[in-house]
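Novice: Sharing a structure with you now.
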Amino acid sequence: VPPGEESYTLRRVWLDEATERGYYNGLANSGLWPLCHIVYQRPRFKQSDWEDYRRANQVFADAVLEEAGDEPAFVFIQDYHFGLLPR
């Protein structure tokens with residue numbers, strides 16, 4: 001991106017619906033979002049959402065490693081949705 005003057009790569013990473021629901025709507029938005037934004041809503045944490053969050057972060061980490069190969073790479077990781085990805 002951008003076409004004709006490629007300077008970085010975007011890649012879509014797909015999650016199954018159950019993992020996406022537990023990771024995104026579950027732990028990330030029902031647990032971490034209230035904590036990170038100091039809202040007056042009690043965070044909700046479920047073991048199954050934590051497992052989906054871990055699984056989703058691993059899927060994205062695997063995609064990053066596949067893209068980078070053996071070359072050094074700059075990877076921009078944003079927000080609480082990928083709190084485990086750098087490790």
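Convention: chains lettered A, B, ... in structure tokens order; per-chain residue numbering from 1; ligands numbered from 1 as shown.
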Just want the 8 Å neighbourhood of Leu15 of chain A, counted on only C-alpha atoms, with same-chain residues fewer than 2 positions away dropped. Output as a list of chain:residue names.
Specialist: A:Val13, A:Glu17, A:Thr19, A:Glu20, A:Ala56, A:Val59
Novice: Need to verify the contact set: Leu35 of chain A, 12 Å, only C-alpha atoms, exclusion of same-chain residues closer than 6 positions in sequence. Can you return it as a list in words?
Specialist: Leu27, Ala28, Asn29, Gln41, Arg42, Pro43, Arg44, Phe45 and Tyr80 of chain A
Novice: Any chance you could export the current selection's N, CA, C and O atoms as a PDB file, in the first residue's frame?
Specialist:
```
ATOM      1  N   LEU A  27     -13.450 -10.615  25.969  1.00  0.00           N
ATOM      2  CA  LEU A  27     -12.391 -10.066  26.815  1.00  0.00           C
ATOM      3  C   LEU A  27     -12.007  -8.638  26.438  1.00  0.00           C
ATOM      4  O   LEU A  27     -11.929  -7.763  27.302  1.00  0.00           O
ATOM      5  N   ALA A  28     -11.783  -8.370  25.154  1.00  0.00           N
ATOM      6  CA  ALA A  28     -11.303  -7.045  24.757  1.00  0.00           C
ATOM      7  C   ALA A  28     -12.305  -5.943  25.091  1.00  0.00           C
ATOM      8  O   ALA A  28     -11.947  -4.936  25.692  1.00  0.00           O
ATOM      9  N   ASN A  29     -13.545  -6.120  24.705  1.00  0.00           N
ATOM     10  CA  ASN A  29     -14.504  -5.031  24.870  1.00  0.00           C
ATOM     11  C   ASN A  29     -15.332  -5.091  26.144  1.00  0.00           C
ATOM     12  O   ASN A  29     -15.811  -4.054  26.610  1.00  0.00           O
ATOM     13  N   GLN A  41     -18.486   1.125  34.319  1.00  0.00           N
ATOM     14  CA  GLN A  41     -19.092  -0.152  33.950  1.00  0.00           C
ATOM     15  C   GLN A  41     -18.171  -1.225  34.497  1.00  0.00           C
ATOM     16  O   GLN A  41     -16.966  -1.183  34.279  1.00  0.00           O
ATOM     17  N   ARG A  42     -18.722  -2.155  35.196  1.00  0.00           N
ATOM     18  CA  ARG A  42     -17.913  -3.218  35.783  1.00  0.00           C
ATOM     19  C   ARG A  42     -17.372  -4.129  34.673  1.00  0.00           C
ATOM     20  O   ARG A  42     -18.142  -4.641  33.865  1.00  0.00           O
ATOM     21  N   PRO A  43     -16.054  -4.328  34.611  1.00  0.00           N
ATOM     22  CA  PRO A  43     -15.484  -5.240  33.610  1.00  0.00           C
ATOM     23  C   PRO A  43     -15.984  -6.663  33.842  1.00  0.00           C
ATOM     24  O   PRO A  43     -16.190  -7.078  34.988  1.00  0.00           O
ATOM     25  N   ARG A  44     -16.172  -7.398  32.755  1.00  0.00           N
ATOM     26  CA  ARG A  44     -16.578  -8.805  32.847  1.00  0.00           C
ATOM     27  C   ARG A  44     -15.454  -9.665  32.289  1.00  0.00           C
ATOM     28  O   ARG A  44     -14.966  -9.413  31.193  1.00  0.00           O
ATOM     29  N   PHE A  45     -15.084 -10.664  33.052  1.00  0.00           N
ATOM     30  CA  PHE A  45     -14.033 -11.574  32.624  1.00  0.00           C
ATOM     31  C   PHE A  45     -14.549 -13.004  32.709  1.00  0.00           C
ATOM     32  O   PHE A  45     -15.096 -13.409  33.734  1.00  0.00           O
ATOM     33  N   TYR A  80      -5.396  -2.456  23.058  1.00  0.00           N
ATOM     34  CA  TYR A  80      -5.517  -3.566  23.995  1.00  0.00           C
ATOM     35  C   TYR A  80      -5.988  -4.860  23.334  1.00  0.00           C
ATOM     36  O   TYR A  80      -5.927  -5.913  23.928  1.00  0.00           O
TER      37      TYR A  80
END
```
Novice: To test your reading of the structure, identify every residue in chain A that backbone DSSP assigns to helix (DSSP H, G or I), and report it as a PyMOL selection string.
Specialist: chain A and resi 17-37+47-68+80-82
Novice: Considering only C-alpha atoms, can you say which of A:Ala68, A:Ala61, A:Ile77, A:Val39 comes closest to Thr9 of chain A?
Specialist: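 With only C-alpha atoms as the atom set, the closest residue is A:Ala68.
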Novice: Tell me, as a list of chain:residue names, which residues lie within 10 Å of Gly83 of chain A, counting only C-alpha atoms; anything in the same chain fewer than 4 positions away does not count.
Specialist: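 Neighbouring residues, sequence-local ones excluded: A:Ala28, A:Leu32, A:Tyr53, A:Arg54, A:Asn57, A:Ile77, A:Gln78, A:Asp79, A:Arg87.
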Novice: Write out the residues from the selection above, keeping all heavy atoms, as a compact mmCIF listing (two decimals), in the first residue's frame.
Specialist:
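Written file, out22.txt:
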```txt
# COMPACT_ATOMS: atom_id res chain seq x y z
N ALA A 28 -11.78 -8.37 25.15
CA ALA A 28 -11.30 -7.05 24.76
C ALA A 28 -12.30 -5.94 25.09
O ALA A 28 -11.95 -4.94 25.69
CB ALA A 28 -10.96 -7.03 23.27
N LEU A 32 -11.36 -5.53 29.02
CA LEU A 32 -10.25 -4.59 28.94
C LEU A 32 -10.68 -3.16 28.62
O LEU A 32 -10.10 -2.21 29.13
CB LEU A 32 -9.23 -5.07 27.91
CG LEU A 32 -8.58 -6.41 28.23
CD1 LEU A 32 -7.63 -6.81 27.12
CD2 LEU A 32 -7.88 -6.37 29.57
N TYR A 53 -9.12 -14.83 23.50
CA TYR A 53 -8.19 -13.69 23.37
C TYR A 53 -6.78 -14.20 23.11
O TYR A 53 -6.08 -13.70 22.22
CB TYR A 53 -8.24 -12.86 24.65
CG TYR A 53 -7.44 -11.59 24.62
CD1 TYR A 53 -7.94 -10.44 24.04
CD2 TYR A 53 -6.17 -11.54 25.21
CE1 TYR A 53 -7.21 -9.26 24.03
CE2 TYR A 53 -5.43 -10.37 25.21
CZ TYR A 53 -5.96 -9.23 24.62
OH TYR A 53 -5.22 -8.07 24.61
N ARG A 54 -6.36 -15.19 23.86
CA ARG A 54 -5.03 -15.78 23.66
C ARG A 54 -4.92 -16.41 22.28
O ARG A 54 -3.91 -16.22 21.58
CB ARG A 54 -4.73 -16.82 24.73
CG ARG A 54 -4.54 -16.21 26.11
CD ARG A 54 -4.21 -17.23 27.15
NE ARG A 54 -2.98 -17.93 26.76
CZ ARG A 54 -2.55 -19.05 27.29
NH1 ARG A 54 -3.24 -19.62 28.25
NH2 ARG A 54 -1.44 -19.61 26.90
N ASN A 57 -4.73 -13.65 19.57
CA ASN A 57 -3.41 -13.02 19.55
C ASN A 57 -2.37 -13.94 18.93
O ASN A 57 -1.48 -13.48 18.23
CB ASN A 57 -3.01 -12.60 20.97
CG ASN A 57 -3.50 -11.21 21.34
OD1 ASN A 57 -2.72 -10.27 21.39
ND2 ASN A 57 -4.79 -11.08 21.58
N ILE A 77 1.72 -2.43 16.43
CA ILE A 77 0.68 -3.14 17.18
C ILE A 77 -0.08 -2.10 18.00
O ILE A 77 0.52 -1.40 18.81
CB ILE A 77 1.29 -4.22 18.10
CG1 ILE A 77 2.07 -5.22 17.25
CG2 ILE A 77 0.21 -4.90 18.92
CD1 ILE A 77 2.93 -6.15 18.04
N GLN A 78 -1.36 -2.02 17.78
CA GLN A 78 -2.15 -0.97 18.43
C GLN A 78 -3.21 -1.54 19.35
O GLN A 78 -3.91 -2.47 18.99
CB GLN A 78 -2.84 -0.12 17.37
CG GLN A 78 -3.71 0.95 17.99
CD GLN A 78 -4.26 1.91 16.99
OE1 GLN A 78 -3.72 2.08 15.92
NE2 GLN A 78 -5.34 2.54 17.34
N ASP A 79 -3.32 -0.93 20.49
CA ASP A 79 -4.44 -1.06 21.39
C ASP A 79 -4.45 -2.37 22.17
O ASP A 79 -3.64 -3.25 21.97
CB ASP A 79 -5.75 -0.89 20.64
CG ASP A 79 -6.75 -0.01 21.37
OD1 ASP A 79 -6.58 0.20 22.59
OD2 ASP A 79 -7.69 0.46 20.74
N ARG A 87 4.73 -10.45 22.58
CA ARG A 87 5.52 -11.50 23.18
C ARG A 87 5.62 -12.68 22.25
O ARG A 87 6.55 -13.40 22.14
CB ARG A 87 4.91 -11.93 24.50
CG ARG A 87 5.78 -12.93 25.20
CD ARG A 87 5.26 -13.21 26.58
NE ARG A 87 6.17 -14.16 27.16
CZ ARG A 87 6.41 -14.26 28.43
NH1 ARG A 87 5.81 -13.49 29.27
NH2 ARG A 87 7.24 -15.15 28.87
```
Novice: Can you work out the spacing between atom CA of Val64 of chain A and atom CA of Ser30 of chain A in Å, to one decimal?
Specialist: 26.0 Å
